[in-house]
$ cat upload.csv   # CSV, N, CA, C and O atoms
chain,number,residue,atom,x,y,z
Y,1,MET,N,30.9,-104.8,124.4
Y,1,MET,CA,29.6,-104.2,124.8
Y,1,MET,C,29.5,-104.2,126.3
Y,1,MET,O,28.9,-103.3,126.9
Y,2,VAL,N,30.0,-105.2,127.0
Y,2,VAL,CA,29.8,-105.3,128.4
Y,2,VAL,C,30.3,-104.1,129.2
Y,2,VAL,O,29.6,-103.5,130.0
Y,3,PRO,N,31.5,-103.6,129.0
Y,3,PRO,CA,32.0,-102.5,129.7
Y,3,PRO,C,31.2,-101.2,129.5
Y,3,PRO,O,31.0,-100.4,130.4
Y,4,ILE,N,30.6,-101.1,128.3
Y,4,ILE,CA,29.8,-99.9,128.0
Y,4,ILE,C,28.5,-100.0,128.8
Y,4,ILE,O,28.1,-99.0,129.4
Y,5,PHE,N,27.9,-101.1,128.9
Y,5,PHE,CA,26.6,-101.3,129.6
Y,5,PHE,C,26.9,-101.1,131.1
Y,5,PHE,O,26.1,-100.4,131.8
Y,6,VAL,N,28.0,-101.6,131.6
Y,6,VAL,CA,28.3,-101.5,133.0
Y,6,VAL,C,28.6,-100.0,133.4
Y,6,VAL,O,28.1,-99.5,134.4
Y,7,LYS,N,29.3,-99.3,132.5
Y,7,LYS,CA,29.6,-97.9,132.8
Y,7,LYS,C,28.3,-97.1,132.8
Y,7,LYS,O,28.2,-96.1,133.5
Y,8,ALA,N,27.4,-97.5,132.0
Y,8,ALA,CA,26.1,-96.8,132.0
Y,8,ALA,C,25.2,-97.1,133.2
Y,8,ALA,O,24.1,-96.6,133.3
Y,9,GLY,N,25.7,-98.0,134.0
Y,9,GLY,CA,25.0,-98.3,135.3
Y,9,GLY,C,24.1,-99.6,135.2
Y,9,GLY,O,23.3,-99.8,136.2
Y,10,TYR,N,24.2,-100.4,134.2
Y,10,TYR,CA,23.4,-101.6,134.1
Y,10,TYR,C,24.1,-102.8,134.8
Y,10,TYR,O,25.3,-102.9,134.7
Y,11,ARG,N,23.3,-103.7,135.3
Y,11,ARG,CA,23.9,-104.9,135.8
Y,11,ARG,C,23.9,-105.9,134.6
Y,11,ARG,O,23.0,-106.0,133.8
Y,12,VAL,N,25.1,-106.5,134.4
Y,12,VAL,CA,25.3,-107.3,133.2
Y,12,VAL,C,25.7,-108.7,133.6
Y,12,VAL,O,26.5,-108.9,134.4
Y,13,ILE,N,24.9,-109.7,133.1
Y,13,ILE,CA,25.2,-111.1,133.3
Y,13,ILE,C,25.5,-111.6,131.9
Y,13,ILE,O,24.7,-111.6,131.0
Y,14,CYS,N,26.8,-112.1,131.7
Y,14,CYS,CA,27.2,-112.6,130.4
Y,14,CYS,C,27.7,-114.0,130.6
Y,14,CYS,O,28.9,-114.2,130.8
Y,15,PRO,N,26.8,-115.0,130.4
Y,15,PRO,CA,27.3,-116.4,130.6
Y,15,PRO,C,28.2,-116.9,129.5
Y,15,PRO,O,28.0,-116.5,128.4
Y,16,ASP,N,29.1,-117.7,130.0
Y,16,ASP,CA,30.0,-118.4,129.0
Y,16,ASP,C,29.2,-119.7,128.6
Y,16,ASP,O,29.0,-120.5,129.5
Y,17,LEU,N,28.9,-119.8,127.4
Y,17,LEU,CA,28.1,-121.0,126.9
Y,17,LEU,C,29.0,-122.2,127.2
Y,17,LEU,O,30.2,-122.2,127.0
Y,18,ILE,N,28.3,-123.3,127.7
Y,18,ILE,CA,29.0,-124.5,128.0
Y,18,ILE,C,29.7,-125.0,126.7
Y,18,ILE,O,29.1,-125.1,125.6
Y,19,GLY,N,31.0,-125.3,126.9
Y,19,GLY,CA,31.8,-125.8,125.8
Y,19,GLY,C,32.6,-124.8,125.1
Y,19,GLY,O,33.4,-125.1,124.2
Y,20,PHE,N,32.3,-123.5,125.4
Y,20,PHE,CA,33.0,-122.4,124.8
Y,20,PHE,C,33.9,-121.7,125.8
Y,20,PHE,O,33.7,-121.9,127.0
Y,21,GLY,N,34.8,-120.9,125.4
Y,21,GLY,CA,35.6,-120.1,126.3
Y,21,GLY,C,36.3,-121.0,127.4
Y,21,GLY,O,36.9,-122.0,127.2
Y,22,LYS,N,36.1,-120.5,128.7
Y,22,LYS,CA,36.7,-121.2,129.8
Y,22,LYS,C,35.8,-122.2,130.5
Y,22,LYS,O,36.2,-122.8,131.5
Y,23,SER,N,34.6,-122.4,130.0
Y,23,SER,CA,33.7,-123.3,130.7
Y,23,SER,C,34.1,-124.8,130.4
Y,23,SER,O,34.9,-125.1,129.5
Y,24,ASP,N,33.6,-125.7,131.2
Y,24,ASP,CA,33.8,-127.1,131.1
Y,24,ASP,C,33.3,-127.5,129.7
Y,24,ASP,O,32.3,-126.9,129.2
Y,25,LYS,N,33.8,-128.6,129.2
Y,25,LYS,CA,33.4,-129.1,127.9
Y,25,LYS,C,32.5,-130.4,128.1
Y,25,LYS,O,32.9,-131.2,129.0
Y,26,PRO,N,31.4,-130.5,127.4
Y,26,PRO,CA,30.7,-131.8,127.5
Y,26,PRO,C,31.6,-133.0,127.2
Y,26,PRO,O,32.4,-132.9,126.3
Y,27,THR,N,31.4,-134.1,127.9
Y,27,THR,CA,32.2,-135.2,127.7
Y,27,THR,C,31.7,-136.1,126.6
Y,27,THR,O,32.5,-136.9,126.0
Y,28,HIS,N,30.4,-136.1,126.3
Y,28,HIS,CA,29.8,-136.9,125.2
Y,28,HIS,C,29.4,-136.0,124.1
Y,28,HIS,O,28.7,-134.9,124.3
Y,29,ARG,N,29.8,-136.3,122.9
Y,29,ARG,CA,29.5,-135.5,121.7
Y,29,ARG,C,28.0,-135.2,121.6
Y,29,ARG,O,27.5,-134.1,121.2
Y,30,LYS,N,27.1,-136.2,121.9
Y,30,LYS,CA,25.7,-136.0,121.8
Y,30,LYS,C,25.1,-135.0,122.7
Y,30,LYS,O,24.1,-134.4,122.5
Y,31,ASP,N,25.9,-134.7,123.8
Y,31,ASP,CA,25.4,-133.6,124.8
Y,31,ASP,C,25.7,-132.2,124.2
Y,31,ASP,O,25.1,-131.3,124.7
Y,32,TYR,N,26.5,-132.2,123.2
Y,32,TYR,CA,26.9,-130.9,122.7
Y,32,TYR,C,26.0,-130.5,121.5
Y,32,TYR,O,26.4,-130.7,120.3
Y,33,SER,N,24.8,-130.1,121.8
Y,33,SER,CA,23.8,-129.9,120.7
Y,33,SER,C,23.1,-128.5,121.0
Y,33,SER,O,23.2,-128.0,122.1
Y,34,TYR,N,22.5,-128.1,120.0
Y,34,TYR,CA,21.7,-126.8,120.0
Y,34,TYR,C,20.6,-126.9,121.1
Y,34,TYR,O,20.5,-126.0,122.0
Y,35,GLU,N,19.9,-128.0,121.1
Y,35,GLU,CA,18.8,-128.2,122.1
Y,35,GLU,C,19.4,-128.2,123.5
Y,35,GLU,O,18.8,-127.6,124.4
Y,36,ARG,N,20.5,-128.8,123.7
Y,36,ARG,CA,21.1,-128.8,125.1
Y,36,ARG,C,21.6,-127.4,125.5
Y,36,ARG,O,21.4,-127.0,126.6
Y,37,HIS,N,22.1,-126.7,124.6
Y,37,HIS,CA,22.5,-125.3,124.9
Y,37,HIS,C,21.3,-124.5,125.3
Y,37,HIS,O,21.3,-123.7,126.2
Y,38,VAL,N,20.2,-124.6,124.6
Y,38,VAL,CA,19.0,-123.9,124.9
Y,38,VAL,C,18.5,-124.3,126.3
Y,38,VAL,O,18.2,-123.5,127.2
Y,39,ARG,N,18.5,-125.6,126.6
Y,39,ARG,CA,18.1,-126.1,127.9
Y,39,ARG,C,19.0,-125.6,129.0
Y,39,ARG,O,18.5,-125.2,130.1
Y,40,TRP,N,20.3,-125.6,128.8
Y,40,TRP,CA,21.3,-125.1,129.8
Y,40,TRP,C,21.0,-123.6,130.1
Y,40,TRP,O,21.0,-123.2,131.3
Y,41,MET,N,20.7,-122.8,129.1
Y,41,MET,CA,20.5,-121.4,129.3
Y,41,MET,C,19.1,-121.2,130.0
Y,41,MET,O,19.0,-120.3,130.8
Y,42,ILE,N,18.1,-121.9,129.7
Y,42,ILE,CA,16.8,-121.8,130.4
Y,42,ILE,C,17.0,-122.1,131.9
Y,42,ILE,O,16.6,-121.4,132.7
Y,43,ASP,N,17.8,-123.2,132.1
Y,43,ASP,CA,18.1,-123.6,133.5
Y,43,ASP,C,18.8,-122.5,134.2
Y,43,ASP,O,18.5,-122.2,135.4
Y,44,PHE,N,19.7,-121.9,133.6
Y,44,PHE,CA,20.5,-120.8,134.1
Y,44,PHE,C,19.7,-119.6,134.5
Y,44,PHE,O,19.7,-119.1,135.6
Y,45,VAL,N,18.8,-119.2,133.6
Y,45,VAL,CA,17.9,-118.1,133.9
Y,45,VAL,C,16.9,-118.4,135.0
Y,45,VAL,O,16.7,-117.5,135.9
Y,46,GLN,N,16.4,-119.6,135.1
Y,46,GLN,CA,15.5,-120.0,136.1
Y,46,GLN,C,16.3,-120.1,137.5
Y,46,GLN,O,15.7,-119.7,138.5
Y,47,ALA,N,17.5,-120.7,137.5
Y,47,ALA,CA,18.2,-120.8,138.7
Y,47,ALA,C,18.5,-119.5,139.4
Y,47,ALA,O,18.5,-119.3,140.6
Y,48,LEU,N,18.8,-118.5,138.5
Y,48,LEU,CA,19.1,-117.1,139.1
Y,48,LEU,C,17.8,-116.3,139.3
Y,48,LEU,O,17.9,-115.2,139.8
Y,49,ASP,N,16.7,-116.9,138.9
Y,49,ASP,CA,15.4,-116.2,139.0
Y,49,ASP,C,15.5,-114.8,138.4
Y,49,ASP,O,15.0,-113.8,139.0
Y,50,LEU,N,16.0,-114.7,137.2
Y,50,LEU,CA,16.2,-113.4,136.6
Y,50,LEU,C,14.9,-112.9,136.0
Y,50,LEU,O,14.1,-113.6,135.4
Y,51,LYS,N,14.6,-111.6,136.2
Y,51,LYS,CA,13.4,-111.0,135.8
Y,51,LYS,C,13.6,-109.5,135.3
Y,51,LYS,O,14.6,-108.9,135.7
Y,52,GLY,N,12.8,-109.1,134.4
Y,52,GLY,CA,12.9,-107.7,133.8
Y,52,GLY,C,14.1,-107.5,133.0
Y,52,GLY,O,14.6,-106.4,132.9
Y,53,MET,N,14.6,-108.6,132.4
Y,53,MET,CA,15.9,-108.5,131.6
Y,53,MET,C,15.7,-107.9,130.2
Y,53,MET,O,14.7,-108.0,129.6
Y,54,THR,N,16.8,-107.4,129.8
Y,54,THR,CA,17.0,-107.0,128.4
Y,54,THR,C,17.9,-108.1,127.8
Y,54,THR,O,19.1,-108.2,128.2
Y,55,LEU,N,17.4,-108.8,126.9
Y,55,LEU,CA,18.3,-109.9,126.2
Y,55,LEU,C,19.1,-109.2,125.1
Y,55,LEU,O,18.5,-108.5,124.3
Y,56,VAL,N,20.4,-109.3,125.2
Y,56,VAL,CA,21.2,-108.8,124.1
Y,56,VAL,C,22.0,-110.0,123.6
Y,56,VAL,O,22.8,-110.6,124.3
Y,57,CYS,N,21.7,-110.4,122.4
Y,57,CYS,CA,22.4,-111.5,121.8
Y,57,CYS,C,22.9,-111.2,120.4
Y,57,CYS,O,22.4,-110.4,119.7
Y,58,GLN,N,23.9,-112.0,120.1
Y,58,GLN,CA,24.6,-111.7,118.8
Y,58,GLN,C,24.9,-113.0,118.1
Y,58,GLN,O,25.2,-114.0,118.7
Y,59,ASP,N,24.8,-112.9,116.8
Y,59,ASP,CA,25.3,-114.0,115.9
Y,59,ASP,C,24.6,-115.3,116.2
Y,59,ASP,O,23.4,-115.3,116.5
Y,60,TRP,N,25.3,-116.4,116.3
Y,60,TRP,CA,24.8,-117.7,116.6
Y,60,TRP,C,24.2,-117.7,118.0
Y,60,TRP,O,23.2,-118.5,118.3
Y,61,GLY,N,24.6,-116.9,118.9
Y,61,GLY,CA,24.1,-116.9,120.3
Y,61,GLY,C,22.6,-116.4,120.3
Y,61,GLY,O,21.8,-116.7,121.2
Y,62,SER,N,22.2,-115.7,119.2
Y,62,SER,CA,20.9,-115.2,119.1
Y,62,SER,C,19.9,-116.4,118.9
Y,62,SER,O,18.8,-116.3,119.4
Y,63,LEU,N,20.3,-117.4,118.2
Y,63,LEU,CA,19.5,-118.6,118.1
Y,63,LEU,C,19.1,-119.2,119.4
Y,63,LEU,O,18.0,-119.7,119.6
Y,64,ILE,N,20.1,-119.2,120.3
Y,64,ILE,CA,19.9,-119.8,121.6
Y,64,ILE,C,19.1,-118.8,122.5
Y,64,ILE,O,18.1,-119.1,123.1
Y,65,GLY,N,19.5,-117.5,122.4
Y,65,GLY,CA,18.8,-116.5,123.2
Y,65,GLY,C,17.4,-116.3,122.9
Y,65,GLY,O,16.5,-116.2,123.8
Y,66,PHE,N,17.0,-116.3,121.7
Y,66,PHE,CA,15.6,-116.1,121.3
Y,66,PHE,C,14.8,-117.3,121.7
Y,66,PHE,O,13.6,-117.1,122.0
Y,67,ARG,N,15.3,-118.5,121.7
Y,67,ARG,CA,14.6,-119.6,122.2
Y,67,ARG,C,14.3,-119.5,123.7
Y,67,ARG,O,13.3,-119.9,124.2
Y,68,VAL,N,15.3,-119.0,124.4
Y,68,VAL,CA,15.1,-118.8,125.9
Y,68,VAL,C,14.0,-117.8,126.1
Y,68,VAL,O,13.2,-117.9,126.9
Y,69,LEU,N,14.1,-116.7,125.3
Y,69,LEU,CA,13.0,-115.7,125.4
Y,69,LEU,C,11.7,-116.3,125.2
Y,69,LEU,O,10.7,-115.9,125.9
Y,70,CYS,N,11.5,-117.1,124.2
Y,70,CYS,CA,10.2,-117.7,123.9
Y,70,CYS,C,9.8,-118.7,125.0
Y,70,CYS,O,8.6,-118.8,125.3
Y,71,ALA,N,10.7,-119.4,125.6
Y,71,ALA,CA,10.4,-120.3,126.7
Y,71,ALA,C,10.1,-119.6,128.0
Y,71,ALA,O,9.3,-120.2,128.8
Y,72,GLU,N,10.6,-118.5,128.2
Y,72,GLU,CA,10.5,-117.7,129.5
Y,72,GLU,C,10.1,-116.3,129.2
Y,72,GLU,O,10.8,-115.4,129.7
Y,73,PRO,N,9.1,-116.0,128.5
Y,73,PRO,CA,8.8,-114.6,128.0
Y,73,PRO,C,8.6,-113.6,129.2
Y,73,PRO,O,8.9,-112.4,129.1
Y,74,ASP,N,8.0,-114.1,130.3
Y,74,ASP,CA,7.7,-113.2,131.4
Y,74,ASP,C,8.9,-112.7,132.1
Y,74,ASP,O,8.9,-111.8,132.9
Y,75,ARG,N,10.1,-113.2,131.8
Y,75,ARG,CA,11.3,-112.8,132.5
Y,75,ARG,C,12.0,-111.7,131.7
Y,75,ARG,O,12.9,-111.1,132.3
Y,76,PHE,N,11.5,-111.3,130.5
Y,76,PHE,CA,12.2,-110.4,129.7
Y,76,PHE,C,11.4,-109.1,129.5
Y,76,PHE,O,10.2,-109.2,129.3
Y,77,ALA,N,12.0,-108.0,129.5
Y,77,ALA,CA,11.4,-106.7,129.2
Y,77,ALA,C,11.5,-106.3,127.8
Y,77,ALA,O,10.7,-105.7,127.2
Y,78,ARG,N,12.6,-106.7,127.2
Y,78,ARG,CA,12.9,-106.4,125.8
Y,78,ARG,C,14.0,-107.3,125.3
Y,78,ARG,O,14.7,-107.9,126.1
Y,79,ALA,N,14.2,-107.3,124.0
Y,79,ALA,CA,15.3,-108.1,123.4
Y,79,ALA,C,16.0,-107.3,122.2
Y,79,ALA,O,15.3,-106.6,121.5
Y,80,VAL,N,17.3,-107.5,122.1
Y,80,VAL,CA,18.0,-106.9,121.1
Y,80,VAL,C,18.9,-108.0,120.4
Y,80,VAL,O,19.6,-108.7,121.1
Y,81,GLY,N,18.8,-108.1,119.1
Y,81,GLY,CA,19.6,-109.0,118.4
Y,81,GLY,C,20.5,-108.3,117.4
Y,81,GLY,O,20.1,-107.4,116.7
Y,82,ALA,N,21.8,-108.6,117.6
Y,82,ALA,CA,22.8,-107.9,116.8
Y,82,ALA,C,23.4,-109.0,115.8
Y,82,ALA,O,23.9,-110.0,116.3
Y,83,ASN,N,23.4,-108.7,114.5
Y,83,ASN,CA,23.9,-109.6,113.6
Y,83,ASN,C,23.2,-110.9,113.8
Y,83,ASN,O,23.8,-112.0,113.8
Y,84,ALA,N,21.9,-110.9,114.0
Y,84,ALA,CA,21.1,-112.1,114.4
Y,84,ALA,C,20.1,-112.4,113.2
Y,84,ALA,O,19.8,-111.6,112.5
Y,85,GLY,N,19.8,-113.6,113.2
Y,85,GLY,CA,18.8,-114.1,112.3
Y,85,GLY,C,17.9,-115.1,112.9
Y,85,GLY,O,18.2,-115.6,114.0
Y,86,LEU,N,16.8,-115.4,112.2
Y,86,LEU,CA,15.9,-116.4,112.7
Y,86,LEU,C,15.8,-117.5,111.6
Y,86,LEU,O,15.7,-117.2,110.4
Y,87,PRO,N,15.9,-118.8,112.1
Y,87,PRO,CA,15.9,-119.8,111.1
Y,87,PRO,C,14.5,-120.1,110.5
Y,87,PRO,O,13.5,-119.8,111.1
Y,88,GLY,N,14.5,-120.6,109.3
Y,88,GLY,CA,13.2,-121.0,108.7
Y,88,GLY,C,12.8,-122.4,109.3
Y,88,GLY,O,13.5,-123.0,110.1
Y,89,PRO,N,11.7,-122.9,108.7
Y,89,PRO,CA,11.2,-124.2,109.3
Y,89,PRO,C,12.0,-125.4,109.0
Y,89,PRO,O,11.9,-126.4,109.6
Y,90,SER,N,13.0,-125.3,108.1
Y,90,SER,CA,13.9,-126.4,107.8
Y,90,SER,C,15.1,-126.4,108.6
Y,90,SER,O,16.0,-127.3,108.4
Y,91,PHE,N,15.3,-125.5,109.6
Y,91,PHE,CA,16.5,-125.4,110.4
Y,91,PHE,C,16.6,-126.8,111.2
Y,91,PHE,O,15.7,-127.2,111.8
Y,92,PRO,N,17.8,-127.4,111.0
Y,92,PRO,CA,18.0,-128.7,111.7
Y,92,PRO,C,18.1,-128.6,113.2
Y,92,PRO,O,18.8,-127.8,113.7
Y,93,SER,N,17.3,-129.4,113.9
Y,93,SER,CA,17.4,-129.4,115.4
Y,93,SER,C,17.4,-130.9,115.8
Y,93,SER,O,16.5,-131.6,115.6
Y,94,ARG,N,18.6,-131.3,116.3
Y,94,ARG,CA,18.7,-132.7,116.7
Y,94,ARG,C,19.1,-132.7,118.2
Y,94,ARG,O,19.9,-131.9,118.7
Y,95,GLU,N,18.5,-133.6,118.9
Y,95,GLU,CA,18.8,-133.9,120.3
Y,95,GLU,C,20.0,-134.7,120.4
Y,95,GLU,O,20.4,-135.5,119.6

$ encode --input "upload.csv" --output "structure tokens"
Amino acid sequence: MVPIFVKAGYRVICPDLIGFGKSDKPTHRKDYSYERHVRWMIDFVQALDLKGMTLVCQDWGSLIGFRVLCAEPDRFARAVGANAGLPGPSFPSRE
């Protein structure tokens, strides 16, 4: 998706989630949680002071992305979820 958006003239920021891909891995297992991923992404968006964004998230990344959207709604113009779902009230969230 990234090359298509870039070719269309959009600025694309595609963070590598901590612990995935080429990023550093958390050293403590308890640091590797859903809540921590959400916090890291909120910190990322705030640090870059991103505004007017279109959130495009997919699959499990949508669970993180939509939480960031809810935490920082004024930074987003729109959101797209591909193969995304929203958890019900029994979704486990552990720190």

$ residues_around --input "upload.csv" --residues "region 11-18 of chain Y" --least-positions-apart "4" --cutoff "8 Å" --atoms "all atoms listed in the file" --output "PyMOL selection string"
chain Y and resi 2+5-7+22-26+31-33+36-37+40-41+53-54+56

$ write_last_selection --input "upload.csv" --atoms "N, CA, C and O atoms" --output "short mmCIF file (atom, residue, chain, number, x, y, z; two decimals), keeping the file's coordinate frame"
data_model
loop_
_atom_site.label_atom_id
_atom_site.label_comp_id
_atom_site.auth_asym_id
_atom_site.auth_seq_id
_atom_site.Cartn_x
_atom_site.Cartn_y
_atom_site.Cartn_z
N VAL Y 2 30.00 -105.20 127.00
CA VAL Y 2 29.80 -105.30 128.40
C VAL Y 2 30.30 -104.10 129.20
O VAL Y 2 29.60 -103.50 130.00
N PHE Y 5 27.90 -101.10 128.90
CA PHE Y 5 26.60 -101.30 129.60
C PHE Y 5 26.90 -101.10 131.10
O PHE Y 5 26.10 -100.40 131.80
N VAL Y 6 28.00 -101.60 131.60
CA VAL Y 6 28.30 -101.50 133.00
C VAL Y 6 28.60 -100.00 133.40
O VAL Y 6 28.10 -99.50 134.40
N LYS Y 7 29.30 -99.30 132.50
CA LYS Y 7 29.60 -97.90 132.80
C LYS Y 7 28.30 -97.10 132.80
O LYS Y 7 28.20 -96.10 133.50
N LYS Y 22 36.10 -120.50 128.70
CA LYS Y 22 36.70 -121.20 129.80
C LYS Y 22 35.80 -122.20 130.50
O LYS Y 22 36.20 -122.80 131.50
N SER Y 23 34.60 -122.40 130.00
CA SER Y 23 33.70 -123.30 130.70
C SER Y 23 34.10 -124.80 130.40
O SER Y 23 34.90 -125.10 129.50
N ASP Y 24 33.60 -125.70 131.20
CA ASP Y 24 33.80 -127.10 131.10
C ASP Y 24 33.30 -127.50 129.70
O ASP Y 24 32.30 -126.90 129.20
N LYS Y 25 33.80 -128.60 129.20
CA LYS Y 25 33.40 -129.10 127.90
C LYS Y 25 32.50 -130.40 128.10
O LYS Y 25 32.90 -131.20 129.00
N PRO Y 26 31.40 -130.50 127.40
CA PRO Y 26 30.70 -131.80 127.50
C PRO Y 26 31.60 -133.00 127.20
O PRO Y 26 32.40 -132.90 126.30
N ASP Y 31 25.90 -134.70 123.80
CA ASP Y 31 25.40 -133.60 124.80
C ASP Y 31 25.70 -132.20 124.20
O ASP Y 31 25.10 -131.30 124.70
N TYR Y 32 26.50 -132.20 123.20
CA TYR Y 32 26.90 -130.90 122.70
C TYR Y 32 26.00 -130.50 121.50
O TYR Y 32 26.40 -130.70 120.30
N SER Y 33 24.80 -130.10 121.80
CA SER Y 33 23.80 -129.90 120.70
C SER Y 33 23.10 -128.50 121.00
O SER Y 33 23.20 -128.00 122.10
N ARG Y 36 20.50 -128.80 123.70
CA ARG Y 36 21.10 -128.80 125.10
C ARG Y 36 21.60 -127.40 125.50
O ARG Y 36 21.40 -127.00 126.60
N HIS Y 37 22.10 -126.70 124.60
CA HIS Y 37 22.50 -125.30 124.90
C HIS Y 37 21.30 -124.50 125.30
O HIS Y 37 21.30 -123.70 126.20
N TRP Y 40 20.30 -125.60 128.80
CA TRP Y 40 21.30 -125.10 129.80
C TRP Y 40 21.00 -123.60 130.10
O TRP Y 40 21.00 -123.20 131.30
N MET Y 41 20.70 -122.80 129.10
CA MET Y 41 20.50 -121.40 129.30
C MET Y 41 19.10 -121.20 130.00
O MET Y 41 19.00 -120.30 130.80
N MET Y 53 14.60 -108.60 132.40
CA MET Y 53 15.90 -108.50 131.60
C MET Y 53 15.70 -107.90 130.20
O MET Y 53 14.70 -108.00 129.60
N THR Y 54 16.80 -107.40 129.80
CA THR Y 54 17.00 -107.00 128.40
C THR Y 54 17.90 -108.10 127.80
O THR Y 54 19.10 -108.20 128.20
N VAL Y 56 20.40 -109.30 125.20
CA VAL Y 56 21.20 -108.80 124.10
C VAL Y 56 22.00 -110.00 123.60
O VAL Y 56 22.80 -110.60 124.30
#

$ closest_residue --input "upload.csv" --among "Y:Phe20, Y:Gly81, Y:His28, Y:Ala71" --to "Leu55 (chain Y)" --atoms "only C-alpha atoms"
Y:Gly81

$ residues_around --input "upload.csv" --residues "Ala84 (chain Y)" --least-positions-apart "5" --cutoff "8 Å" --atoms "only C-alpha atoms" --output "list in words"
Cys57, Gln58, Asp59, Trp60, Ser62 and Leu63 of chain Y

$ write_last_selection --input "upload.csv" --atoms "N, CA, C and O atoms" --output "PDB file, in the coordinates of the input"
ATOM      1  N   CYS Y  57      21.700-110.400 122.400  1.00  0.00           N
ATOM      2  CA  CYS Y  57      22.400-111.500 121.800  1.00  0.00           C
ATOM      3  C   CYS Y  57      22.900-111.200 120.400  1.00  0.00           C
ATOM      4  O   CYS Y  57      22.400-110.400 119.700  1.00  0.00           O
ATOM      5  N   GLN Y  58      23.900-112.000 120.100  1.00  0.00           N
ATOM      6  CA  GLN Y  58      24.600-111.700 118.800  1.00  0.00           C
ATOM      7  C   GLN Y  58      24.900-113.000 118.100  1.00  0.00           C
ATOM      8  O   GLN Y  58      25.200-114.000 118.700  1.00  0.00           O
ATOM      9  N   ASP Y  59      24.800-112.900 116.800  1.00  0.00           N
ATOM     10  CA  ASP Y  59      25.300-114.000 115.900  1.00  0.00           C
ATOM     11  C   ASP Y  59      24.600-115.300 116.200  1.00  0.00           C
ATOM     12  O   ASP Y  59      23.400-115.300 116.500  1.00  0.00           O
ATOM     13  N   TRP Y  60      25.300-116.400 116.300  1.00  0.00           N
ATOM     14  CA  TRP Y  60      24.800-117.700 116.600  1.00  0.00           C
ATOM     15  C   TRP Y  60      24.200-117.700 118.000  1.00  0.00           C
ATOM     16  O   TRP Y  60      23.200-118.500 118.300  1.00  0.00           O
ATOM     17  N   SER Y  62      22.200-115.700 119.200  1.00  0.00           N
ATOM     18  CA  SER Y  62      20.900-115.200 119.100  1.00  0.00           C
ATOM     19  C   SER Y  62      19.900-116.400 118.900  1.00  0.00           C
ATOM     20  O   SER Y  62      18.800-116.300 119.400  1.00  0.00           O
ATOM     21  N   LEU Y  63      20.300-117.400 118.200  1.00  0.00           N
ATOM     22  CA  LEU Y  63      19.500-118.600 118.100  1.00  0.00           C
ATOM     23  C   LEU Y  63      19.100-119.200 119.400  1.00  0.00           C
ATOM     24  O   LEU Y  63      18.000-119.700 119.600  1.00  0.00           O
TER      25      LEU Y  63
END

$ atom_distance --input "upload.csv" --atom1 "CA of Ala79 (chain Y)" --atom2 "atom O of Gly21 (chain Y)"
26.0 Å

$ select_by_dssp --input "upload.csv" --residues "chain Y" --states "helix (DSSP H, G or I)" --output "ChimeraX atom specification"
/Y:2-7,29-31,34-47,61-71,73-75

$ select_by_dssp --input "upload.csv" --residues "chain Y" --states "strand (DSSP E)" --output "PyMOL selection string"
chain Y and resi 53-58+76-82

$ write_last_selection --input "upload.csv" --atoms "N, CA, C and O atoms" --output "short mmCIF file (atom, residue, chain, number, x, y, z; two decimals), in the coordinates of the input"
data_model
loop_
_atom_site.label_atom_id
_atom_site.label_comp_id
_atom_site.auth_asym_id
_atom_site.auth_seq_id
_atom_site.Cartn_x
_atom_site.Cartn_y
_atom_site.Cartn_z
N MET Y 53 14.60 -108.60 132.40
CA MET Y 53 15.90 -108.50 131.60
C MET Y 53 15.70 -107.90 130.20
O MET Y 53 14.70 -108.00 129.60
N THR Y 54 16.80 -107.40 129.80
CA THR Y 54 17.00 -107.00 128.40
C THR Y 54 17.90 -108.10 127.80
O THR Y 54 19.10 -108.20 128.20
N LEU Y 55 17.40 -108.80 126.90
CA LEU Y 55 18.30 -109.90 126.20
C LEU Y 55 19.10 -109.20 125.10
O LEU Y 55 18.50 -108.50 124.30
N VAL Y 56 20.40 -109.30 125.20
CA VAL Y 56 21.20 -108.80 124.10
C VAL Y 56 22.00 -110.00 123.60
O VAL Y 56 22.80 -110.60 124.30
N CYS Y 57 21.70 -110.40 122.40
CA CYS Y 57 22.40 -111.50 121.80
C CYS Y 57 22.90 -111.20 120.40
O CYS Y 57 22.40 -110.40 119.70
N GLN Y 58 23.90 -112.00 120.10
CA GLN Y 58 24.60 -111.70 118.80
C GLN Y 58 24.90 -113.00 118.10
O GLN Y 58 25.20 -114.00 118.70
N PHE Y 76 11.50 -111.30 130.50
CA PHE Y 76 12.20 -110.40 129.70
C PHE Y 76 11.40 -109.10 129.50
O PHE Y 76 10.20 -109.20 129.30
N ALA Y 77 12.00 -108.00 129.50
CA ALA Y 77 11.40 -106.70 129.20
C ALA Y 77 11.50 -106.30 127.80
O ALA Y 77 10.70 -105.70 127.20
N ARG Y 78 12.60 -106.70 127.20
CA ARG Y 78 12.90 -106.40 125.80
C ARG Y 78 14.00 -107.30 125.30
O ARG Y 78 14.70 -107.90 126.10
N ALA Y 79 14.20 -107.30 124.00
CA ALA Y 79 15.30 -108.10 123.40
C ALA Y 79 16.00 -107.30 122.20
O ALA Y 79 15.30 -106.60 121.50
N VAL Y 80 17.30 -107.50 122.10
CA VAL Y 80 18.00 -106.90 121.10
C VAL Y 80 18.90 -108.00 120.40
O VAL Y 80 19.60 -108.70 121.10
N GLY Y 81 18.80 -108.10 119.10
CA GLY Y 81 19.60 -109.00 118.40
C GLY Y 81 20.50 -108.30 117.40
O GLY Y 81 20.10 -107.40 116.70
N ALA Y 82 21.80 -108.60 117.60
CA ALA Y 82 22.80 -107.90 116.80
C ALA Y 82 23.40 -109.00 115.80
O ALA Y 82 23.90 -110.00 116.30
#

$ atom_distance --input "upload.csv" --atom1 "CA of Gly19 (chain Y)" --atom2 "atom O of Gly52 (chain Y)"
26.9 Å

$ atom_distance --input "upload.csv" --atom1 "atom O of Arg75 (chain Y)" --atom2 "CA of Leu50 (chain Y)"
5.9 Å
